[in-house]
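Here's final-v2.pdb, which has PDB, C-alpha atoms, pLDDT in the B column:
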```pdb
ATOM      1  CA  MET X   1      10.919  19.820  -8.946  1.00 49.00           C
ATOM      2  CA  SER X   2       7.200  20.532  -8.781  1.00 50.00           C
ATOM      3  CA  THR X   3       6.185  23.567  -6.780  1.00 49.00           C
ATOM      4  CA  GLY X   4       4.117  23.080  -3.653  1.00 65.00           C
ATOM      5  CA  SER X   5       4.465  22.768   0.073  1.00 88.00           C
ATOM      6  CA  TRP X   6       4.323  20.097   2.741  1.00 95.00           C
ATOM      7  CA  ALA X   7       1.799  20.262   5.579  1.00 96.00           C
ATOM      8  CA  ARG X   8       2.761  18.796   8.960  1.00 96.00           C
ATOM      9  CA  VAL X   9      -0.138  17.030  10.735  1.00 97.00           C
ATOM     10  CA  PRO X  10      -0.568  14.185  13.227  1.00 96.00           C
ATOM     11  CA  PHE X  11      -0.582  10.885  11.343  1.00 96.00           C
ATOM     12  CA  GLU X  12      -4.047   9.995  12.616  1.00 95.00           C
ATOM     13  CA  ASP X  13      -5.410  13.179  11.016  1.00 97.00           C
ATOM     14  CA  ALA X  14      -3.785  12.356   7.665  1.00 97.00           C
ATOM     15  CA  ASP X  15      -5.161   8.831   7.909  1.00 95.00           C
ATOM     16  CA  ALA X  16      -8.676  10.084   8.614  1.00 95.00           C
ATOM     17  CA  ALA X  17      -8.544  12.390   5.574  1.00 96.00           C
ATOM     18  CA  LEU X  18      -6.820  10.045   3.099  1.00 96.00           C
ATOM     19  CA  ARG X  19      -7.671   6.544   4.407  1.00 94.00           C
ATOM     20  CA  LEU X  20      -4.017   5.560   4.546  1.00 94.00           C
ATOM     21  CA  THR X  21      -4.763   2.478   6.643  1.00 91.00           C
ATOM     22  CA  ARG X  22      -7.583   1.156   4.438  1.00 88.00           C
ATOM     23  CA  PHE X  23      -5.513  -1.938   3.601  1.00 86.00           C
ATOM     24  CA  GLU X  24      -3.927  -2.537   7.001  1.00 81.00           C
ATOM     25  CA  ARG X  25      -3.312  -1.048  10.400  1.00 78.00           C
ATOM     26  CA  PHE X  26       0.420  -0.488  10.127  1.00 78.00           C
ATOM     27  CA  ASP X  27       2.592  -2.321  12.639  1.00 74.00           C
ATOM     28  CA  ALA X  28       4.788   0.755  12.744  1.00 71.00           C
ATOM     29  CA  GLY X  29       3.257   3.405  14.974  1.00 88.00           C
ATOM     30  CA  PHE X  30       3.547   6.525  12.851  1.00 93.00           C
ATOM     31  CA  ASP X  31       3.513   9.743  14.840  1.00 95.00           C
ATOM     32  CA  THR X  32       3.634  12.543  12.279  1.00 97.00           C
ATOM     33  CA  ALA X  33       2.693  12.939   8.624  1.00 97.00           C
ATOM     34  CA  TYR X  34       4.095  15.473   6.182  1.00 97.00           C
ATOM     35  CA  VAL X  35       1.558  15.730   3.352  1.00 98.00           C
ATOM     36  CA  PHE X  36       2.174  17.061  -0.157  1.00 97.00           C
ATOM     37  CA  THR X  37      -1.092  17.614  -2.041  1.00 96.00           C
ATOM     38  CA  GLY X  38      -0.948  17.115  -5.805  1.00 96.00           C
ATOM     39  CA  ASP X  39       1.379  15.398  -8.267  1.00 96.00           C
ATOM     40  CA  LEU X  40       5.102  15.680  -7.583  1.00 97.00           C
ATOM     41  CA  HIS X  41       7.694  15.556 -10.384  1.00 97.00           C
ATOM     42  CA  ILE X  42      11.393  15.264  -9.582  1.00 96.00           C
ATOM     43  CA  GLY X  43      13.691  16.097 -12.505  1.00 95.00           C
ATOM     44  CA  GLY X  44      16.522  13.723 -11.616  1.00 96.00           C
ATOM     45  CA  ASP X  45      17.523  11.444  -8.734  1.00 97.00           C
ATOM     46  CA  TRP X  46      15.841  11.828  -5.337  1.00 97.00           C
ATOM     47  CA  THR X  47      17.125  10.604  -1.977  1.00 97.00           C
ATOM     48  CA  GLY X  48      15.604  10.167   1.455  1.00 96.00           C
ATOM     49  CA  GLY X  49      17.759  12.999   2.738  1.00 96.00           C
ATOM     50  CA  GLN X  50      16.442  15.330   0.040  1.00 96.00           C
ATOM     51  CA  LEU X  51      12.901  14.312   0.986  1.00 96.00           C
ATOM     52  CA  PHE X  52      13.507  15.262   4.624  1.00 96.00           C
ATOM     53  CA  ARG X  53      14.933  18.627   3.554  1.00 95.00           C
ATOM     54  CA  ALA X  54      12.159  19.341   1.032  1.00 95.00           C
ATOM     55  CA  ALA X  55       9.533  18.825   3.734  1.00 95.00           C
ATOM     56  CA  ASP X  56      11.654  20.608   6.367  1.00 95.00           C
ATOM     57  CA  ALA X  57      10.982  17.594   8.574  1.00 95.00           C
ATOM     58  CA  ASP X  58      11.929  17.612  12.245  1.00 93.00           C
ATOM     59  CA  LEU X  59      13.685  14.460  13.476  1.00 91.00           C
ATOM     60  CA  ASP X  60      12.031  15.048  16.866  1.00 93.00           C
ATOM     61  CA  ASP X  61       8.619  14.317  15.301  1.00 94.00           C
ATOM     62  CA  GLY X  62       8.945  10.590  16.026  1.00 94.00           C
ATOM     63  CA  LEU X  63       8.305   8.074  13.249  1.00 94.00           C
ATOM     64  CA  ILE X  64       7.439  10.096  10.148  1.00 96.00           C
ATOM     65  CA  ALA X  65       5.287   9.187   7.155  1.00 96.00           C
ATOM     66  CA  PHE X  66       5.773  11.400   4.111  1.00 98.00           C
ATOM     67  CA  VAL X  67       2.530  11.346   2.126  1.00 98.00           C
ATOM     68  CA  ILE X  68       2.203  12.434  -1.499  1.00 98.00           C
ATOM     69  CA  ASP X  69      -1.510  12.766  -2.203  1.00 97.00           C
ATOM     70  CA  GLY X  70      -1.113  12.329  -5.946  1.00 97.00           C
ATOM     71  CA  ASP X  71       1.381  10.797  -8.375  1.00 98.00           C
ATOM     72  CA  LEU X  72       5.152  10.755  -7.861  1.00 98.00           C
ATOM     73  CA  THR X  73       7.444  10.826 -10.899  1.00 98.00           C
ATOM     74  CA  VAL X  74      11.221  10.625 -10.468  1.00 98.00           C
ATOM     75  CA  ASP X  75      13.305  11.100 -13.633  1.00 97.00           C
ATOM     76  CA  GLY X  76      16.115   8.921 -12.290  1.00 97.00           C
ATOM     77  CA  THR X  77      16.722   6.905  -9.132  1.00 97.00           C
ATOM     78  CA  LEU X  78      14.511   7.031  -6.052  1.00 98.00           C
ATOM     79  CA  ALA X  79      17.056   6.102  -3.329  1.00 97.00           C
ATOM     80  CA  LEU X  80      15.034   6.264  -0.148  1.00 96.00           C
ATOM     81  CA  ASP X  81      17.715   5.292   2.369  1.00 94.00           C
ATOM     82  CA  GLU X  82      20.441   7.481   0.916  1.00 94.00           C
ATOM     83  CA  ASP X  83      21.381  10.440   3.111  1.00 92.00           C
ATOM     84  CA  ALA X  84      18.436   9.801   5.483  1.00 92.00           C
ATOM     85  CA  GLU X  85      19.134  10.196   9.188  1.00 87.00           C
ATOM     86  CA  ALA X  86      16.151   8.171  10.415  1.00 89.00           C
ATOM     87  CA  SER X  87      13.781   5.433   9.325  1.00 90.00           C
ATOM     88  CA  PHE X  88      10.556   6.651   7.721  1.00 95.00           C
ATOM     89  CA  ALA X  89       7.760   5.781   5.316  1.00 95.00           C
ATOM     90  CA  LEU X  90       6.861   7.242   1.944  1.00 97.00           C
ATOM     91  CA  MET X  91       3.199   6.838   0.989  1.00 97.00           C
ATOM     92  CA  VAL X  92       2.058   7.669  -2.539  1.00 98.00           C
ATOM     93  CA  THR X  93      -1.726   7.710  -2.900  1.00 97.00           C
ATOM     94  CA  GLY X  94      -1.472   7.816  -6.698  1.00 97.00           C
ATOM     95  CA  ALA X  95       0.988   6.150  -9.072  1.00 98.00           C
ATOM     96  CA  LEU X  96       4.776   5.932  -8.855  1.00 98.00           C
ATOM     97  CA  ARG X  97       7.113   6.253 -11.833  1.00 98.00           C
ATOM     98  CA  ALA X  98      10.920   6.035 -11.691  1.00 98.00           C
ATOM     99  CA  ASP X  99      13.898   4.549 -13.517  1.00 98.00           C
ATOM    100  CA  VAL X 100      15.387   2.792 -10.472  1.00 98.00           C
ATOM    101  CA  VAL X 101      14.105   2.360  -6.903  1.00 98.00           C
ATOM    102  CA  THR X 102      16.300   1.350  -3.957  1.00 96.00           C
ATOM    103  CA  LEU X 103      15.240   0.904  -0.351  1.00 94.00           C
ATOM    104  CA  ASP X 104      16.548  -0.893   2.702  1.00 91.00           C
ATOM    105  CA  ALA X 105      15.283   0.121   6.159  1.00 89.00           C
ATOM    106  CA  THR X 106      12.616   2.485   4.855  1.00 93.00           C
ATOM    107  CA  MET X 107       8.964   1.749   4.000  1.00 94.00           C
ATOM    108  CA  LEU X 108       7.347   2.502   0.639  1.00 96.00           C
ATOM    109  CA  PHE X 109       3.594   2.217   0.089  1.00 96.00           C
ATOM    110  CA  VAL X 110       2.032   2.914  -3.331  1.00 96.00           C
ATOM    111  CA  TYR X 111      -1.770   2.891  -3.484  1.00 96.00           C
ATOM    112  CA  GLN X 112      -2.058   2.649  -7.290  1.00 95.00           C
ATOM    113  CA  ASN X 113       0.375   1.327  -9.938  1.00 96.00           C
ATOM    114  CA  ALA X 114       4.175   1.489  -9.881  1.00 97.00           C
ATOM    115  CA  THR X 115       6.199   1.698 -13.102  1.00 98.00           C
ATOM    116  CA  VAL X 116       9.969   1.320 -12.635  1.00 98.00           C
ATOM    117  CA  THR X 117      11.724   0.993 -15.965  1.00 97.00           C
ATOM    118  CA  ARG X 118      15.065  -0.537 -14.911  1.00 96.00           C
ATOM    119  CA  LEU X 119      15.302  -2.127 -11.440  1.00 96.00           C
ATOM    120  CA  ILE X 120      13.879  -2.272  -7.918  1.00 97.00           C
ATOM    121  CA  ASP X 121      16.602  -3.103  -5.384  1.00 95.00           C
ATOM    122  CA  PHE X 122      14.903  -4.407  -2.255  1.00 93.00           C
ATOM    123  CA  ALA X 123      17.783  -6.580  -1.000  1.00 88.00           C
ATOM    124  CA  THR X 124      17.002  -6.066   2.674  1.00 84.00           C
ATOM    125  CA  THR X 125      15.819  -7.931   5.741  1.00 78.00           C
ATOM    126  CA  ASP X 126      14.145  -4.919   7.294  1.00 84.00           C
ATOM    127  CA  GLY X 127      12.178  -2.599   5.005  1.00 88.00           C
ATOM    128  CA  THR X 128       8.709  -2.695   3.456  1.00 92.00           C
ATOM    129  CA  LEU X 129       7.631  -2.379  -0.185  1.00 94.00           C
ATOM    130  CA  SER X 130       3.879  -2.596  -0.803  1.00 94.00           C
ATOM    131  CA  VAL X 131       2.042  -1.700  -4.019  1.00 95.00           C
ATOM    132  CA  ALA X 132      -1.735  -2.056  -4.257  1.00 94.00           C
ATOM    133  CA  GLY X 133      -1.967  -1.914  -8.053  1.00 93.00           C
ATOM    134  CA  ARG X 134       0.171  -3.428 -10.789  1.00 94.00           C
ATOM    135  CA  THR X 135       3.961  -3.175 -10.524  1.00 95.00           C
ATOM    136  CA  ASN X 136       5.671  -2.923 -13.906  1.00 96.00           C
ATOM    137  CA  CYS X 137       9.399  -3.563 -13.479  1.00 96.00           C
ATOM    138  CA  PRO X 138      11.668  -5.950 -15.405  1.00 93.00           C
ATOM    139  CA  ILE X 139      13.448  -7.157 -12.254  1.00 93.00           C
ATOM    140  CA  ILE X 140      13.005  -6.899  -8.492  1.00 93.00           C
ATOM    141  CA  ILE X 141      15.874  -8.158  -6.317  1.00 92.00           C
ATOM    142  CA  SER X 142      14.769  -9.027  -2.790  1.00 89.00           C
ATOM    143  CA  ASP X 143      15.967 -10.834   0.313  1.00 85.00           C
ATOM    144  CA  GLU X 144      13.712 -11.098   3.364  1.00 80.00           C
ATOM    145  CA  GLY X 145      12.036  -7.690   3.548  1.00 84.00           C
ATOM    146  CA  ASP X 146       8.270  -7.260   3.629  1.00 89.00           C
ATOM    147  CA  LEU X 147       7.556  -7.388  -0.120  1.00 90.00           C
ATOM    148  CA  ASN X 148       3.935  -7.114  -1.307  1.00 91.00           C
ATOM    149  CA  VAL X 149       3.735  -6.534  -5.062  1.00 92.00           C
ATOM    150  CA  ASN X 150       2.142  -8.018  -8.162  1.00 91.00           C
ATOM    151  CA  ASN X 151       4.910  -7.599 -10.737  1.00 92.00           C
ATOM    152  CA  THR X 152       4.790  -8.083 -14.490  1.00 91.00           C
ATOM    153  CA  GLY X 153       8.538  -8.827 -14.585  1.00 90.00           C
ATOM    154  CA  HIS X 154      10.897 -11.095 -12.648  1.00 89.00           C
ATOM    155  CA  VAL X 155      11.151 -11.242  -8.859  1.00 89.00           C
ATOM    156  CA  LEU X 156      14.401 -12.748  -7.558  1.00 86.00           C
ATOM    157  CA  CYS X 157      14.563 -13.675  -3.883  1.00 82.00           C
ATOM    158  CA  ARG X 158      18.256 -14.338  -3.246  1.00 76.00           C
ATOM    159  CA  ARG X 159      17.602 -16.712  -0.342  1.00 71.00           C
ATOM    160  CA  TYR X 160      15.788 -19.332  -2.461  1.00 63.00           C
ATOM    161  CA  ALA X 161      17.850 -22.007  -4.228  1.00 60.00           C
ATOM    162  CA  THR X 162      14.626 -23.352  -5.764  1.00 58.00           C
ATOM    163  CA  LEU X 163      11.289 -21.686  -6.293  1.00 59.00           C
ATOM    164  CA  PRO X 164       8.994 -21.695  -3.247  1.00 55.00           C
ATOM    165  CA  GLU X 165       5.494 -23.094  -3.315  1.00 53.00           C
ATOM    166  CA  GLY X 166       3.146 -20.701  -5.053  1.00 48.00           C
ATOM    167  CA  ALA X 167       5.731 -19.338  -7.497  1.00 47.00           C
ATOM    168  CA  GLY X 168       4.395 -18.700 -10.963  1.00 44.00           C
ATOM    169  CA  HIS X 169       1.137 -17.080  -9.842  1.00 43.00           C
ATOM    170  CA  THR X 170       0.431 -14.249 -12.271  1.00 46.00           C
ATOM    171  CA  GLY X 171      -2.528 -12.541 -10.604  1.00 46.00           C
ATOM    172  CA  ASP X 172      -3.908 -10.991 -13.787  1.00 49.00           C
ATOM    173  CA  ASP X 173      -6.834  -9.399 -11.971  1.00 46.00           C
ATOM    174  CA  VAL X 174      -5.540  -6.561  -9.821  1.00 48.00           C
ATOM    175  CA  GLU X 175      -8.101  -4.788  -7.687  1.00 51.00           C
ATOM    176  CA  GLU X 176      -7.623  -2.177  -4.989  1.00 52.00           C
ATOM    177  CA  THR X 177      -8.545  -4.570  -2.187  1.00 63.00           C
ATOM    178  CA  GLY X 178      -5.144  -4.855  -0.540  1.00 80.00           C
ATOM    179  CA  TRP X 179      -1.433  -4.905  -1.156  1.00 83.00           C
ATOM    180  CA  GLY X 180      -0.091  -7.040  -3.996  1.00 81.00           C
ATOM    181  CA  TRP X 181       0.643 -10.740  -3.664  1.00 78.00           C
ATOM    182  CA  THR X 182       4.285 -11.495  -4.493  1.00 80.00           C
ATOM    183  CA  ALA X 183       5.300 -14.428  -6.682  1.00 77.00           C
ATOM    184  CA  ILE X 184       9.005 -15.350  -6.778  1.00 79.00           C
ATOM    185  CA  THR X 185       9.830 -16.085 -10.415  1.00 82.00           C
ATOM    186  CA  LEU X 186      13.587 -16.711 -10.285  1.00 80.00           C
ATOM    187  CA  SER X 187      15.606 -19.054  -8.084  1.00 71.00           C
ATOM    188  CA  ARG X 188      19.358 -18.686  -7.531  1.00 68.00           C
ATOM    189  CA  ALA X 189      19.907 -21.655  -9.844  1.00 70.00           C
ATOM    190  CA  GLU X 190      18.192 -19.808 -12.692  1.00 74.00           C
ATOM    191  CA  VAL X 191      20.150 -16.583 -12.336  1.00 76.00           C
ATOM    192  CA  PRO X 192      23.068 -17.417 -14.706  1.00 74.00           C
ATOM    193  CA  ALA X 193      20.645 -18.037 -17.563  1.00 77.00           C
ATOM    194  CA  THR X 194      18.792 -14.778 -16.913  1.00 84.00           C
ATOM    195  CA  PHE X 195      21.250 -12.094 -15.830  1.00 87.00           C
ATOM    196  CA  VAL X 196      24.093 -10.676 -17.887  1.00 88.00           C
ATOM    197  CA  ALA X 197      27.435 -12.264 -16.992  1.00 84.00           C
ATOM    198  CA  GLY X 198      29.276 -10.299 -14.340  1.00 88.00           C
ATOM    199  CA  LEU X 199      26.317  -9.623 -12.042  1.00 88.00           C
ATOM    200  CA  TYR X 200      26.604 -12.869 -10.063  1.00 78.00           C
ATOM    201  CA  GLY X 201      29.311 -14.912  -8.376  1.00 68.00           C
ATOM    202  CA  ASP X 202      30.114 -18.619  -8.167  1.00 67.00           C
ATOM    203  CA  ASP X 203      27.307 -19.048  -5.614  1.00 65.00           C
ATOM    204  CA  HIS X 204      24.792 -17.597  -8.113  1.00 66.00           C
ATOM    205  CA  ARG X 205      24.116 -14.714  -5.730  1.00 79.00           C
ATOM    206  CA  VAL X 206      23.385 -11.469  -7.557  1.00 86.00           C
ATOM    207  CA  ASP X 207      25.381  -8.426  -6.430  1.00 89.00           C
ATOM    208  CA  ASN X 208      22.517  -5.984  -5.918  1.00 89.00           C
ATOM    209  CA  ARG X 209      24.791  -2.953  -5.505  1.00 90.00           C
ATOM    210  CA  LEU X 210      26.455  -3.691  -8.824  1.00 92.00           C
ATOM    211  CA  ALA X 211      23.033  -4.200 -10.391  1.00 93.00           C
ATOM    212  CA  VAL X 212      21.946  -0.760  -9.171  1.00 94.00           C
ATOM    213  CA  GLN X 213      25.129   0.788 -10.568  1.00 95.00           C
ATOM    214  CA  TRP X 214      24.556  -0.826 -13.951  1.00 95.00           C
ATOM    215  CA  ALA X 215      20.881   0.142 -13.981  1.00 95.00           C
ATOM    216  CA  ARG X 216      21.726   3.783 -13.249  1.00 95.00           C
ATOM    217  CA  GLU X 217      24.273   3.706 -16.078  1.00 95.00           C
ATOM    218  CA  GLY X 218      21.671   2.299 -18.476  1.00 93.00           C
ATOM    219  CA  ARG X 219      23.512  -1.013 -18.925  1.00 93.00           C
ATOM    220  CA  PRO X 220      21.415  -4.143 -19.564  1.00 92.00           C
ATOM    221  CA  LEU X 221      20.844  -6.466 -16.595  1.00 92.00           C
ATOM    222  CA  LEU X 222      18.934  -9.286 -18.281  1.00 89.00           C
ATOM    223  CA  ILE X 223      20.179 -11.367 -21.177  1.00 86.00           C
ATOM    224  CA  THR X 224      16.966 -10.625 -23.063  1.00 74.00           C
ATOM    225  CA  GLN X 225      17.556  -6.863 -22.811  1.00 59.00           C
ATOM    226  CA  GLY X 226      19.314  -5.224 -25.727  1.00 51.00           C
TER     227      GLY X 226
END
```
Now, as a test, write the supplied structure out as structure tokens.
Amino acid sequence: MSTGSWARVPFEDADAALRLTRFERFDAGFDTAYVFTGDLHIGGDWTGGQLFRAADADLDDGLIAFVIDGDLTVDGTLALDEDAEASFALMVTGALRADVVTLDATMLFVYQNATVTRLIDFATTDGTLSVAGRTNCPIIISDEGDLNVNNTGHVLCRRYATLPEGAGHTGDDVEETGWGWTAITLSRAEVPATFVAGLYGDDHRVDNRLAVQWAREGRPLLITQG
């Protein structure tokens, strides 16, 4: 793990210094920010619980935003809800790189590009995933969470039997003017022709937990993957 320390400040002070709300005034009323200045490299998996411990965060600080003022690289899975005792946000002012990303009730904001080589599991009705730049991931599995990305790969929303209006938008021009605009590219009916057999049931609903397990093991998820 990269060396460095976390600074605890009121969220409004971190916002004033780093313009964290330049795209939106967050609905969530963040109380405290823990700020890491510089690029952060994690040599393996990283969980929300490990993030709390690394920053020595106090659960009595109200709603916490962890801010990495730089790039975040995780050589494995970024599992934000795992081992976390409270809801929180992770804000990365630079770029994000990881093999797998999973989040449920947490909030992840990336202010530049996100490159996730295997899978983003966002099968939730509660969390937030917003990326201002380009998202490069072969597959994002989502349900009804607040998803704001412009992805070069597939986006599967498990609640759609057919593609919603607006699907197919590619958004080739990505500018830092706001969070990404999500286009659903796969309907449930198209899943059997796209995913490797064994990841979906008779109702064509992808098992996201199994997909995460396979992704972490390096097994192919898409038929086109070798």
Pairwise distance for CA of Ala95 in chain X and CA of Leu20 in chain X, rounded to one decimal in Å: 14.5 Å
Please report as JSON lines every residue of range 103-130 of chain X lying within 10 Å of range 50-68 of chain X, along with the nearest atom pair and their distance in Å (one decimal), using all atoms listed in the file.
```
{"residue": "X:Met107", "atom": "CA", "partner": "X:Ala65", "partner_atom": "CA", "distance": 8.9}
{"residue": "X:Leu108", "atom": "CA", "partner": "X:Ala65", "partner_atom": "CA", "distance": 9.6}
{"residue": "X:Phe109", "atom": "CA", "partner": "X:Val67", "partner_atom": "CA", "distance": 9.4}
{"residue": "X:Val110", "atom": "CA", "partner": "X:Ile68", "partner_atom": "CA", "distance": 9.7}
```
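For the set X:Val149, X:Val35, X:Leu96, X:Ala28, the residue with the smallest atom-to-atom gap to Ala7 in chain X is X:Val35, counting only C-alpha atoms.
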Reference answer for the PyMOL selection byres ((chain X and resi 32) around 6), as a list in words: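 Selection result, ordered by chain and number: Pro10, Phe11, Asp31, Ala33 and Ile64 of chain X.
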Just write the chosen residues, C-alpha atoms, as a PDB file, in the coordinates of the input.
```pdb
ATOM      1  CA  PRO X  10      -0.568  14.185  13.227  1.00 96.00           C
ATOM      2  CA  PHE X  11      -0.582  10.885  11.343  1.00 96.00           C
ATOM      3  CA  ASP X  31       3.513   9.743  14.840  1.00 95.00           C
ATOM      4  CA  ALA X  33       2.693  12.939   8.624  1.00 97.00           C
ATOM      5  CA  ILE X  64       7.439  10.096  10.148  1.00 96.00           C
TER       6      ILE X  64
END
```
Residue members of the PyMOL selection byres ((chain X and resi 207) around 12) in the file shown, as a PyMOL selection string: chain X and resi 121-123+141-143+156+158+188+191+195-206+208-214+221
Given the PyMOL selection byres ((chain X and resi 102) around 9), the residues it picks as a list in words: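 For this structure, the PyMOL selection byres ((chain X and resi 102) around 9) resolves to Thr77, Leu78, Ala79, Leu80, Asp81, Glu82, Val100, Val101, Leu103, Asp104, Leu119, Ile120, Asp121, Phe122, Ala123 and Val212 of chain X.
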Proximity to Thr125 in chain X - best of X:Val155, X:Leu147, X:Ile140, X:Ala89, all atoms listed in the file: X:Leu147
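Across the model, the gap from CA of Thr135 in chain X to CA of Ile42 in chain X is 19.9 Å.
Closest to Glu217 in chain X among X:Gly180, X:Gly48, X:Leu40, X:Gly76 is X:Gly76, based on only C-alpha atoms.
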Interatomic distance (Å, one decimal) between CA of Glu12 in chain X and CA of Ala114 in chain X: 25.4 Å
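For the set X:Asp45, X:Asp27, X:Asp69, X:Glu85, the residue with the smallest atom-to-atom gap to Trp6 in chain X is X:Asp69, counting all atoms listed in the file.
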Draw an axis-aligned box tight on the listed atoms of range 180-198 of chain X, then pad every side by 6 Å and write out centre and edge lengths in Å to one decimal as JSON.
```
{"center_x": 14.6, "center_y": -14.3, "center_z": -10.8, "size_x": 41.4, "size_y": 26.6, "size_z": 26.2}
```
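Distance check against Arg8 in chain X using only C-alpha atoms: of X:Phe36, X:Trp46, X:Phe88, X:Tyr111, the minimum falls on X:Phe36.
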